[in-house]
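J.: Take a look at the following structure, please.
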Amino acid sequence: MNATHHGYADDQKKIIARLNRIEGQVRGIRQMTENGEYCIDILTQISAVNSALKSVALLLVDDHLNHCVKEAIEEGREVSEARIAEASAAIARLVKS
């Protein structure tokens with residue numbers, strides 16, 4: 001696999017934009033906490049950040065499967081088995097979070 005071209009290359013700008021929004025949400029949560037805002041409102045914003053992060057993670061998983069795993073399958077069984085195991089472990093970590 002070409003190290004300079006990741007599976008998410010086509011979605012990189014979209015991912016960065018989403019991460020920038022998430023970063024802004026986290027700063028907002030910190031500000032809400034500093035201002036002593038209502039707990040439930042802060043928890044609601046934390047939930048929104050968690051959902052946004054999971055959305056980015058799912059996009060990355062999809063890109064990985066459709067690029068990296070697909071490319072590995074073309075390279076052969078040993079490489080494809082490693083990529084599939086890698087993807088499976090990443091998905092398991094996401095499900096646990």
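Simple scheme: letters A, B, ... for chains in structure tokens order, numbers from 1 for residues in each chain, numbers from 1 for ligands in the order shown.
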Please list as a PyMOL selection string every residue within 10 Å of Cys68 (chain A), counting only C-alpha atoms and excluding residues in the same chain fewer than 2 positions away.
T.: chain A and resi 1-2+5-8+61-66+70-73+80+83-84+87
J.: For Leu94 (chain A), find every residue with an atom within 12 Å (counting only C-alpha atoms), except residues of its own chain fewer than 2 positions away, and show them as a PyMOL selection string.
T.: chain A and resi 50-51+53-58+60-61+87-92+96-97
J.: Please measure the separation of CA of Val49 (chain A) and CA of Ile22 (chain A), giving the value in Å to one decimal.
T.: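 These atoms are spaced 6.1 Å apart.
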J.: DSSP says alpha helix (DSSP H) for which residues of chain A? Put them as a PyMOL selection string?
T.: chain A and resi 12-34+39-63+70-75+77-96
J.: To one decimal place, how far is CA of Arg30 (chain A) from CA of Gln45 (chain A) in Å?
T.: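 We find that CA of Arg30 (chain A) and CA of Gln45 (chain A) lie 10.4 Å from each other.
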J.: What is the CA of Leu59 (chain A)-CA of Asp11 (chain A) distance in Å, reported with one decimal?
T.: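 Interatomic distance here is 8.4 Å.
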